[in-house]
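Structure data follow from run-v5.txt (compact mmCIF, C-alpha atoms):
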```txt
# COMPACT_ATOMS: atom_id res chain seq x y z
CA MET A 1 -3.00 -3.49 -23.29
CA LEU A 2 -2.06 -6.61 -21.35
CA LEU A 3 1.56 -5.47 -21.11
CA ALA A 4 0.47 -2.10 -19.74
CA ALA A 5 -1.80 -3.77 -17.19
CA ALA A 6 1.06 -5.97 -15.94
CA ILE A 7 3.44 -3.00 -15.73
CA GLN A 8 0.81 -1.13 -13.73
CA GLN A 9 1.01 -3.97 -11.19
CA LYS A 10 4.76 -3.27 -10.80
CA CYS A 11 5.77 -6.38 -12.76
CA LYS A 12 8.96 -6.79 -14.75
CA VAL A 13 7.54 -7.70 -18.15
CA VAL A 14 9.10 -9.79 -20.92
CA ASP A 15 7.26 -9.44 -24.25
CA LEU A 16 7.54 -12.70 -26.19
CA GLY A 17 5.66 -11.39 -29.20
CA ILE A 18 2.98 -13.19 -31.20
CA ALA A 19 2.90 -16.96 -31.64
CA LYS A 20 1.48 -18.74 -34.67
CA ASP A 21 -1.57 -20.97 -34.33
CA THR A 22 0.63 -24.07 -34.30
CA GLU A 23 1.66 -26.29 -31.43
CA GLU A 24 5.32 -25.93 -32.36
CA SER A 25 5.24 -22.13 -32.24
CA LEU A 26 3.31 -22.07 -28.96
CA MET A 27 5.70 -24.53 -27.31
CA GLU A 28 8.69 -22.46 -28.44
CA HIS A 29 7.21 -19.30 -26.94
CA MET A 30 6.34 -21.01 -23.65
CA ASP A 31 9.83 -22.51 -23.44
CA ALA A 32 11.23 -19.02 -23.97
CA ALA A 33 9.03 -17.74 -21.16
CA LEU A 34 10.35 -20.41 -18.80
CA ARG A 35 13.95 -19.68 -19.82
CA SER A 36 13.37 -16.03 -18.91
CA ASP A 37 12.72 -17.18 -15.31
CA ALA A 38 9.17 -15.85 -15.42
CA ASP A 39 7.06 -16.46 -12.34
CA ILE A 40 3.78 -15.94 -14.22
CA ILE A 41 3.11 -16.57 -17.91
CA LEU A 42 0.18 -14.90 -19.67
CA THR A 43 -1.23 -15.83 -23.05
CA SER A 44 -4.15 -14.18 -24.81
CA GLY A 45 -6.32 -16.10 -27.26
CA GLY A 46 -6.27 -19.71 -28.39
CA VAL A 47 -8.26 -21.09 -25.44
CA SER A 48 -11.68 -21.64 -27.02
CA MET A 49 -12.93 -24.74 -28.84
CA GLY A 50 -11.64 -24.19 -32.38
CA ASP A 51 -9.27 -26.46 -34.29
CA ARG A 52 -6.45 -23.94 -33.87
CA ASP A 53 -7.07 -23.12 -30.22
CA LEU A 54 -3.99 -25.01 -29.03
CA VAL A 55 -2.99 -23.25 -25.81
CA LYS A 56 -4.70 -25.83 -23.58
CA PRO A 57 -3.06 -28.89 -25.21
CA CYS A 58 0.34 -27.20 -24.96
CA LEU A 59 -0.15 -26.36 -21.28
CA ALA A 60 -1.26 -29.94 -20.61
CA LYS A 61 1.96 -31.28 -22.16
CA MET A 62 4.14 -28.92 -20.12
CA GLY A 63 2.48 -29.30 -16.73
CA LYS A 64 -0.84 -29.61 -14.96
CA ILE A 65 -4.05 -27.78 -15.90
CA HIS A 66 -6.06 -26.90 -12.80
CA PHE A 67 -9.10 -25.61 -14.69
CA GLU A 68 -9.91 -24.81 -18.32
CA LYS A 69 -13.36 -23.29 -18.15
CA ILE A 70 -15.20 -21.19 -15.60
CA ARG A 71 -18.85 -20.26 -15.20
CA MET A 72 -18.57 -16.50 -15.49
CA LYS A 73 -19.36 -13.77 -18.00
CA PRO A 74 -17.20 -12.59 -19.66
CA GLY A 75 -14.25 -14.97 -19.55
CA LYS A 76 -15.71 -18.47 -19.77
CA PRO A 77 -12.70 -20.14 -21.52
CA LEU A 78 -10.13 -18.95 -18.94
CA THR A 79 -7.48 -21.61 -18.30
CA PHE A 80 -5.02 -21.91 -15.41
CA ALA A 81 -2.06 -24.29 -15.21
CA GLU A 82 1.32 -24.84 -13.57
CA ILE A 83 4.10 -25.65 -16.01
CA THR A 84 7.68 -26.71 -15.36
CA SER A 85 10.84 -26.12 -17.38
CA ASN A 86 12.71 -29.11 -18.77
CA ASP A 87 16.00 -27.32 -19.43
CA PRO A 88 18.74 -29.67 -18.12
CA THR A 89 21.18 -26.76 -17.80
CA LYS A 90 19.03 -24.98 -15.22
CA PRO A 91 17.33 -25.94 -11.97
CA SER A 92 13.73 -26.99 -12.48
CA LYS A 93 11.29 -24.11 -12.08
CA THR A 94 7.50 -24.04 -12.01
CA ALA A 95 5.57 -21.05 -13.34
CA LEU A 96 1.91 -20.11 -13.09
CA ALA A 97 0.33 -19.98 -16.55
CA PHE A 98 -2.91 -18.19 -17.37
CA GLY A 99 -4.57 -18.80 -20.72
CA LEU A 100 -6.63 -15.62 -21.05
CA PRO A 101 -9.45 -15.23 -23.60
CA GLY A 102 -8.72 -13.38 -26.83
CA ASN A 103 -11.60 -10.91 -26.62
CA PRO A 104 -10.12 -7.75 -25.09
CA VAL A 105 -12.76 -7.20 -22.40
CA SER A 106 -12.80 -10.87 -21.38
CA CYS A 107 -9.01 -10.76 -21.23
CA MET A 108 -8.91 -7.71 -18.95
CA VAL A 109 -11.73 -8.90 -16.67
CA CYS A 110 -9.90 -12.21 -16.15
CA PHE A 111 -6.63 -10.35 -15.63
CA ASN A 112 -8.14 -8.29 -12.81
CA LEU A 113 -10.02 -11.15 -11.15
CA PHE A 114 -7.38 -13.88 -11.38
CA VAL A 115 -3.97 -12.57 -12.45
CA VAL A 116 -3.77 -9.51 -10.18
CA PRO A 117 -4.34 -11.59 -7.00
CA ALA A 118 -1.74 -14.10 -8.26
CA ILE A 119 0.79 -11.31 -8.83
CA ARG A 120 0.15 -9.97 -5.35
CA LEU A 121 0.44 -13.43 -3.78
CA VAL A 122 3.77 -14.10 -5.52
CA SER A 123 4.91 -10.63 -4.40
CA GLY A 124 4.24 -11.46 -0.75
CA TRP A 125 0.95 -9.69 -0.07
CA SER A 126 -0.77 -11.16 2.99
CA ASN A 127 -4.20 -10.35 1.53
CA PRO A 128 -3.91 -10.43 -2.27
CA HIS A 129 -7.62 -10.23 -3.07
CA LEU A 130 -9.21 -7.20 -4.70
CA GLN A 131 -11.36 -5.21 -2.32
CA ARG A 132 -15.15 -5.28 -2.41
CA VAL A 133 -17.73 -2.67 -1.48
CA HIS A 134 -21.53 -2.55 -1.49
CA VAL A 135 -23.01 -0.24 -4.14
CA ARG A 136 -26.46 0.77 -5.33
CA ILE A 137 -27.02 0.57 -9.08
CA SER A 138 -28.39 3.69 -10.77
CA HIS A 139 -30.07 1.83 -13.66
CA PRO A 140 -31.82 -1.55 -14.00
CA LEU A 141 -29.59 -4.51 -14.90
CA ARG A 142 -30.64 -7.83 -16.42
CA ALA A 143 -28.89 -10.81 -14.83
CA ASP A 144 -27.68 -13.66 -17.02
CA PRO A 145 -29.73 -16.83 -16.37
CA HIS A 146 -26.74 -19.19 -16.30
CA ARG A 147 -23.51 -17.38 -15.40
CA MET A 148 -22.42 -14.77 -12.88
CA GLU A 149 -21.68 -11.59 -14.77
CA PHE A 150 -18.96 -9.10 -13.91
CA HIS A 151 -20.61 -5.93 -15.17
CA ARG A 152 -18.23 -3.07 -15.90
CA ALA A 153 -19.21 0.09 -14.07
CA VAL A 154 -18.05 3.41 -12.68
CA ILE A 155 -18.70 3.77 -8.96
CA ARG A 156 -18.39 6.86 -6.83
CA TRP A 157 -19.10 7.98 -3.27
CA VAL A 158 -22.09 10.29 -2.89
CA LEU A 159 -23.74 12.02 0.04
CA ASP A 160 -27.05 10.29 -0.73
CA ASP A 161 -27.02 6.92 -2.48
CA GLY A 162 -30.81 6.88 -2.77
CA SER A 163 -31.40 5.58 0.73
CA GLY A 164 -30.96 8.95 2.42
CA ARG A 165 -27.46 7.96 3.57
CA PRO A 166 -23.95 8.36 2.11
CA GLY A 167 -22.72 5.45 0.04
CA TYR A 168 -21.41 4.18 -3.28
CA VAL A 169 -23.48 4.33 -6.46
CA ALA A 170 -22.67 2.53 -9.70
CA GLU A 171 -23.32 3.49 -13.30
CA SER A 172 -22.95 0.97 -16.10
CA THR A 173 -20.38 1.68 -18.81
CA GLY A 174 -22.98 0.72 -21.41
CA GLN A 175 -23.21 -2.26 -23.72
CA GLN A 176 -21.34 -5.17 -22.14
CA ALA A 177 -20.25 -7.14 -25.22
CA SER A 178 -16.95 -8.92 -24.56
CA SER A 179 -15.45 -7.35 -27.69
CA ARG A 180 -16.45 -3.79 -26.73
CA LEU A 181 -13.33 -2.32 -25.16
CA LEU A 182 -15.14 0.94 -24.36
CA SER A 183 -16.96 -0.91 -21.58
CA MET A 184 -13.58 -1.18 -19.77
CA LYS A 185 -12.17 2.23 -20.67
CA SER A 186 -13.50 4.21 -17.71
CA ALA A 187 -14.58 1.34 -15.45
CA ASN A 188 -13.23 1.34 -11.91
CA ALA A 189 -15.27 -1.61 -10.66
CA LEU A 190 -16.81 -4.92 -11.66
CA LEU A 191 -20.34 -5.46 -10.36
CA GLU A 192 -21.05 -9.02 -9.22
CA VAL A 193 -24.42 -9.81 -10.82
CA GLN A 194 -25.58 -13.24 -9.68
CA SER A 195 -27.07 -15.58 -12.30
CA SER A 196 -30.85 -15.39 -11.93
CA GLY A 197 -32.26 -14.24 -15.26
CA GLN A 198 -34.10 -11.52 -13.36
CA ILE A 199 -33.97 -7.75 -13.78
CA LEU A 200 -32.35 -5.88 -10.90
CA ALA A 201 -34.22 -2.65 -10.26
CA ALA A 202 -32.47 0.70 -10.03
CA GLY A 203 -31.41 1.23 -6.43
CA ALA A 204 -30.73 -2.46 -5.81
CA SER A 205 -27.62 -3.23 -3.76
CA VAL A 206 -24.87 -5.43 -5.20
CA GLN A 207 -21.23 -6.09 -4.43
CA ALA A 208 -18.57 -4.38 -6.52
CA ILE A 209 -14.94 -5.42 -6.97
CA LEU A 210 -12.60 -2.44 -7.17
CA ILE A 211 -10.19 -2.46 -10.12
CA SER A 212 -8.99 1.16 -9.96
CA ASP A 213 -9.39 4.40 -8.02
CA ILE A 214 -12.79 5.69 -6.97
CA THR A 215 -13.94 9.21 -7.78
CA SER A 216 -14.71 10.99 -4.52
CA PRO A 217 -15.74 14.44 -3.32
CA PRO A 218 -13.07 16.73 -1.81
CA LEU A 219 -12.21 16.19 1.85
CA ASP A 220 -14.03 19.34 2.94
CA LYS A 221 -17.25 18.03 1.36
CA LEU A 222 -17.22 14.59 2.94
CA PRO A 223 -20.21 13.74 5.16
CA ALA A 224 -19.84 14.00 8.90
CA ALA A 225 -18.39 10.84 10.39
CA SER A 226 -21.09 8.48 11.62
CA SER A 227 -18.83 5.83 13.14
CA PRO A 228 -15.40 5.53 14.79
CA ILE A 229 -14.05 3.96 11.60
CA SER A 230 -15.14 6.74 9.24
CA SER A 231 -14.02 9.34 11.77
CA HIS A 232 -10.61 7.69 11.87
CA ILE A 233 -10.33 7.77 8.07
CA VAL A 234 -11.16 11.46 7.77
CA SER A 235 -9.03 12.58 10.70
CA SER A 236 -6.08 10.48 9.51
CA ALA A 237 -6.33 11.89 5.99
CA LYS A 238 -6.58 15.47 7.24
CA SER A 239 -3.64 14.95 9.56
CA ALA A 240 -1.61 13.51 6.71
CA SER A 241 -2.52 16.44 4.46
CA ALA A 242 -1.00 18.81 7.01
CA ASP A 243 2.23 16.87 7.50
CA ALA A 244 2.92 15.02 4.24
CA PRO A 245 3.75 18.06 2.04
CA GLN A 246 6.67 18.96 4.33
CA VAL A 247 7.91 15.37 4.22
CA ALA A 248 7.61 15.20 0.44
CA ALA A 249 9.25 18.60 -0.01
CA SER A 250 12.19 17.71 2.20
CA GLN A 251 12.76 14.31 0.63
CA ASN A 252 11.71 15.28 -2.92
CA ALA A 253 9.83 11.97 -3.16
CA GLU A 254 6.30 10.69 -3.17
CA VAL A 255 4.80 9.53 0.12
CA LYS A 256 4.05 5.81 0.22
CA VAL A 257 0.89 4.97 2.16
CA ALA A 258 -0.36 1.59 3.38
CA ILE A 259 -3.84 0.93 4.76
CA LEU A 260 -4.57 -1.83 7.28
CA THR A 261 -8.10 -2.96 8.15
CA VAL A 262 -8.33 -4.92 11.42
CA SER A 263 -11.49 -7.02 11.44
CA ASP A 264 -12.33 -10.64 12.25
CA THR A 265 -15.46 -10.45 10.10
CA VAL A 266 -13.78 -9.10 6.97
CA SER A 267 -10.65 -11.27 7.25
CA SER A 268 -12.76 -14.43 7.53
CA GLY A 269 -14.83 -13.52 4.47
CA GLY A 270 -17.95 -12.82 6.52
CA GLY A 271 -18.42 -9.36 5.01
CA PRO A 272 -16.90 -6.80 2.64
CA ASP A 273 -14.30 -4.24 3.66
CA ARG A 274 -16.21 -0.96 3.51
CA SER A 275 -13.70 1.24 5.31
CA GLY A 276 -10.51 0.20 3.51
CA PRO A 277 -11.61 1.18 -0.02
CA ARG A 278 -12.97 4.46 1.35
CA ALA A 279 -9.57 5.24 2.87
CA VAL A 280 -7.85 4.37 -0.41
CA SER A 281 -10.24 6.71 -2.19
CA VAL A 282 -9.57 9.55 0.27
CA VAL A 283 -5.79 9.24 -0.08
CA ASN A 284 -5.67 8.81 -3.85
CA SER A 285 -8.20 11.53 -4.62
CA SER A 286 -6.30 13.95 -2.37
CA SER A 287 -2.81 13.02 -3.55
CA GLU A 288 -1.75 16.57 -4.33
CA LYS A 289 -2.94 17.86 -0.97
CA LEU A 290 -1.09 15.02 0.73
CA GLY A 291 2.24 15.86 -0.90
CA GLY A 292 2.03 13.29 -3.69
CA ALA A 293 0.93 10.47 -1.39
CA PHE A 294 -0.33 7.28 -2.98
CA VAL A 295 -1.45 3.91 -1.64
CA VAL A 296 1.09 1.15 -2.31
CA ALA A 297 -0.38 -1.63 -0.16
CA THR A 298 -3.56 -2.68 1.61
CA ALA A 299 -4.30 -5.59 3.90
CA VAL A 300 -7.04 -7.06 6.07
CA VAL A 301 -6.06 -8.98 9.22
CA PRO A 302 -8.02 -10.46 12.15
CA ASP A 303 -7.93 -8.95 15.64
CA GLU A 304 -4.78 -10.89 16.53
CA VAL A 305 -1.61 -9.26 17.82
CA ASP A 306 0.78 -11.50 15.87
CA LYS A 307 -1.02 -10.96 12.56
CA ILE A 308 -1.13 -7.19 13.04
CA LYS A 309 2.50 -7.00 14.13
CA GLU A 310 3.64 -9.10 11.16
CA ILE A 311 2.15 -6.77 8.55
CA LEU A 312 3.26 -3.61 10.39
CA VAL A 313 6.85 -4.86 10.58
CA LYS A 314 6.83 -5.80 6.88
CA TRP A 315 5.51 -2.41 5.80
CA SER A 316 7.83 -0.39 8.01
CA ASP A 317 11.07 -2.42 7.85
CA ILE A 318 10.92 -4.06 4.41
CA ASP A 319 8.62 -1.99 2.21
CA ARG A 320 9.71 1.33 3.80
CA VAL A 321 6.20 2.76 3.81
CA ASN A 322 6.06 6.41 4.94
CA LEU A 323 2.55 6.40 6.38
CA ILE A 324 0.38 3.57 7.71
CA LEU A 325 -3.34 4.13 8.28
CA THR A 326 -5.12 1.60 10.49
CA LEU A 327 -8.86 1.04 10.52
CA GLY A 328 -10.75 -1.00 13.09
CA GLU A 329 -10.02 -2.28 16.59
CA ASN A 330 -7.59 0.10 18.31
CA PHE A 331 -7.23 -1.85 21.57
CA ILE A 332 -5.54 -4.80 19.88
CA LEU A 333 -3.56 -2.45 17.66
CA LYS A 334 -2.11 -0.57 20.63
CA LYS A 335 -0.98 -3.86 22.17
CA SER A 336 0.73 -4.89 18.93
CA LEU A 337 2.72 -1.65 18.83
CA ARG A 338 4.25 -2.10 22.27
```

How does this structure look as structure tokens?
Amino acid sequence: MLLAAAIQQKCKVVDLGIAKDTEESLMEHMDAALRSDADIILTSGGVSMGDRDLVKPCLAKMGKIHFEKIRMKPGKPLTFAEITSNDPTKPSKTALAFGLPGNPVSCMVCFNLFVVPAIRLVSGWSNPHLQRVHVRISHPLRADPHRMEFHRAVIRWVLDDGSGRPGYVAESTGQQASSRLLSMKSANALLEVQSSGQILAAGASVQAILISDITSPPLDKLPAASSPISSHIVSSAKSASADAPQVAASQNAEVKVAILTVSDTVSSGGGPDRSGPRAVSVVNSSSEKLGGAFVVATAVVPDEVDKIKEILVKWSDIDRVNLILTLGENFILKKSLR
């Protein structure tokens, strides 16, 4: 499961097998990981408080632990460290090491929240964070009194989210036990449920972190655009659907799409990116119509010419993206393209 998740993030994966619950075995496996020139090392299990949970002591001997517990649910025992190889025959190298919980759901939640952004950062993404959207919950949720909970859910775009306007709605995947893998099976988002001990009523608005594609209606059933941003998304997607099949047919290859959101507010953390995830949803849900197009990169930048130009140059000259969709301030964007 963890191997598949890493491969899905375009990583080159080295499977080091299963270590015994001994310090010697764990150290041997971690040394092997460093010898393989790994940039990121992932372990699963052995990070709790038992006598044989030895991952943390091993990481401490090999480098520096930055944190070994986090106030979240699931995933409390998550550990993060930087470790360095001591092989005298090779130049010293530091790797990022994540001690993930052994429970499968806790492991995958921590992978999405912490490891995926790290992979993206190491890969050169300018904005490695997972995207967030506002959603309305379809059923009541009880908040944990002590820890923020990342509730597994399926979210989708609907014409009426309960407020009389289009928006995202979220449905829980059911019982949220950290050992219940079914709660992750169909989830495409993690709902951020703040620690309050209160019950959130159906229809309440919360933030959701996207971990996979969003189910959306067909393009011809999308609501009429109510803003320049949503109009830009729909018109860009329809334009691409007319042109991309010819490109894909002539090149016999999938069309790589990148989506850039230009916003001071979103880039500074002052608000969620609502338009970017919607554009991703439109492209991915209409892949066949768009000639096999799929989103390979997203980014959020402030309204600054240099920042915009930097990401556009990277996508066009280095990543060889076929289609770039831009959302937001067009005046600055036009200046950056000159």

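For the residues A:Thr326, A:Ser44, A:Gln9, A:Ser179, ranking by smallest atom-to-atom distance to Asp21 of chain A using only C-alpha atoms places A:Ser44 first.
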
So that each row is one residue of segment 266-322 of chain A with an atom at most 10 Å from segment 122-131 of chain A, can you give its shortest atom pair and the distance in Å to one decimal, using all atoms listed in the file, rows by chain and rising number, as a tab-separated table?
```
residue	atom	partner	partner_atom	distance
A:Ser267	CA	A:Asn127	CA	8.7
A:Pro272	CA	A:Gln131	CA	7.6
A:Asp273	CA	A:Gln131	CA	6.7
A:Arg274	CA	A:Gln131	CA	8.7
A:Gly276	CA	A:Gln131	CA	8.0
A:Pro277	CA	A:Gln131	CA	6.8
A:Ala297	CA	A:Trp125	CA	8.2
A:Thr298	CA	A:Asn127	CA	7.7
A:Ala299	CA	A:Asn127	CA	5.3
A:Val300	CA	A:Asn127	CA	6.3
A:Val301	CA	A:Asn127	CA	8.0
A:Lys307	CA	A:Ser126	CA	9.6
A:Glu310	CA	A:Ser126	CA	9.5
A:Ile311	CA	A:Ser126	CA	7.7
A:Lys314	CA	A:Gly124	CA	9.8
```

Output C-alpha atoms for every residue in the selection just made, as a PDB file, in the frame of the given file.
```pdb
ATOM      1  CA  SER A 267     -10.650 -11.270   7.250  1.00  0.00           C
ATOM      2  CA  PRO A 272     -16.900  -6.800   2.640  1.00  0.00           C
ATOM      3  CA  ASP A 273     -14.300  -4.240   3.660  1.00  0.00           C
ATOM      4  CA  ARG A 274     -16.210  -0.960   3.510  1.00  0.00           C
ATOM      5  CA  GLY A 276     -10.510   0.200   3.510  1.00  0.00           C
ATOM      6  CA  PRO A 277     -11.610   1.180  -0.020  1.00  0.00           C
ATOM      7  CA  ALA A 297      -0.380  -1.630  -0.160  1.00  0.00           C
ATOM      8  CA  THR A 298      -3.560  -2.680   1.610  1.00  0.00           C
ATOM      9  CA  ALA A 299      -4.300  -5.590   3.900  1.00  0.00           C
ATOM     10  CA  VAL A 300      -7.040  -7.060   6.070  1.00  0.00           C
ATOM     11  CA  VAL A 301      -6.060  -8.980   9.220  1.00  0.00           C
ATOM     12  CA  LYS A 307      -1.020 -10.960  12.560  1.00  0.00           C
ATOM     13  CA  GLU A 310       3.640  -9.100  11.160  1.00  0.00           C
ATOM     14  CA  ILE A 311       2.150  -6.770   8.550  1.00  0.00           C
ATOM     15  CA  LYS A 314       6.830  -5.800   6.880  1.00  0.00           C
TER      16      LYS A 314
END
```

Neighbours of segment 67-71 of chain A within 6 Å (all atoms listed in the file; same-chain residues fewer than 4 positions away dropped), as a PyMOL selection string? chain A and resi 76-80+147

Neighbours of Lys12 of chain A within 12 Å (only C-alpha atoms; same-chain residues fewer than 3 positions away dropped), as number ranges by chain? A: 3-9, 15, 36-41, 119, 123

What does the distance from atom CA of Glu304 of chain A to atom CA of Thr265 of chain A come to in Å, to one decimal?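 Atom CA of Thr265 of chain A lies at a distance of 12.5 Å from atom CA of Glu304 of chain A.
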
Using only C-alpha atoms, which of A:Gly75, A:Pro104, A:Gly99, A:Gly63 sits nearest Leu181 of chain A?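 Using only C-alpha atoms, the shortest distance to Leu181 of chain A belongs to A:Pro104.
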
Using Å and a single decimal, report how far atom CA of Asn284 of chain A sits from atom CA of Asn322 of chain A.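 One can read the atom CA of Asn322 of chain A to atom CA of Asn284 of chain A distance as 14.9 Å.
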
Pick from A:Val105, A:Ala118, A:Leu327, A:Ala19: nearest to Val266 of chain A, with all atoms listed in the file counted? A:Leu327

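Each of A:Ile65, A:Arg152, A:Ile308, A:Val13 was compared to Leu42 of chain A using only C-alpha atoms, and A:Val13 turns out to be the nearest.
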
Atom CA of Lys73 of chain A to atom CA of Gly270 of chain A: how many Å, to one decimal? 24.6 Å

Skip Ser106 of chain A itself and residues of its chain fewer than 2 positions away, then list as a PyMOL selection string all residues within 7 Å of it, counting all atoms listed in the file. chain A and resi 74-75+101+103-104+108-110+178

Which is closer to Val283 of chain A than all the others in A:Met148, A:Leu325, A:Leu312, A:Val116, using all atoms listed in the file?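 Closest candidate: A:Leu325.
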
My list of candidates is A:Thr84, A:Ser316, A:Thr43, A:Ser92. Which is closest to Ala258 of chain A when distances are computed with all atoms listed in the file? A:Ser316

Quick one: everything within 7 Å of segment 185-193 of chain A, counting only C-alpha atoms, minus sequence neighbours fewer than 3 positions away in the same chain. Send it as number ranges by chain. A: 143, 148-155, 173, 181-182, 206-214

Fewer than 4 positions away in the same chain doesn't count, so skip those; otherwise give me all residues within 8 Å of Leu16 of chain A, counting only C-alpha atoms, as an MDAnalysis selection string. chainID A and resid 29 32:33
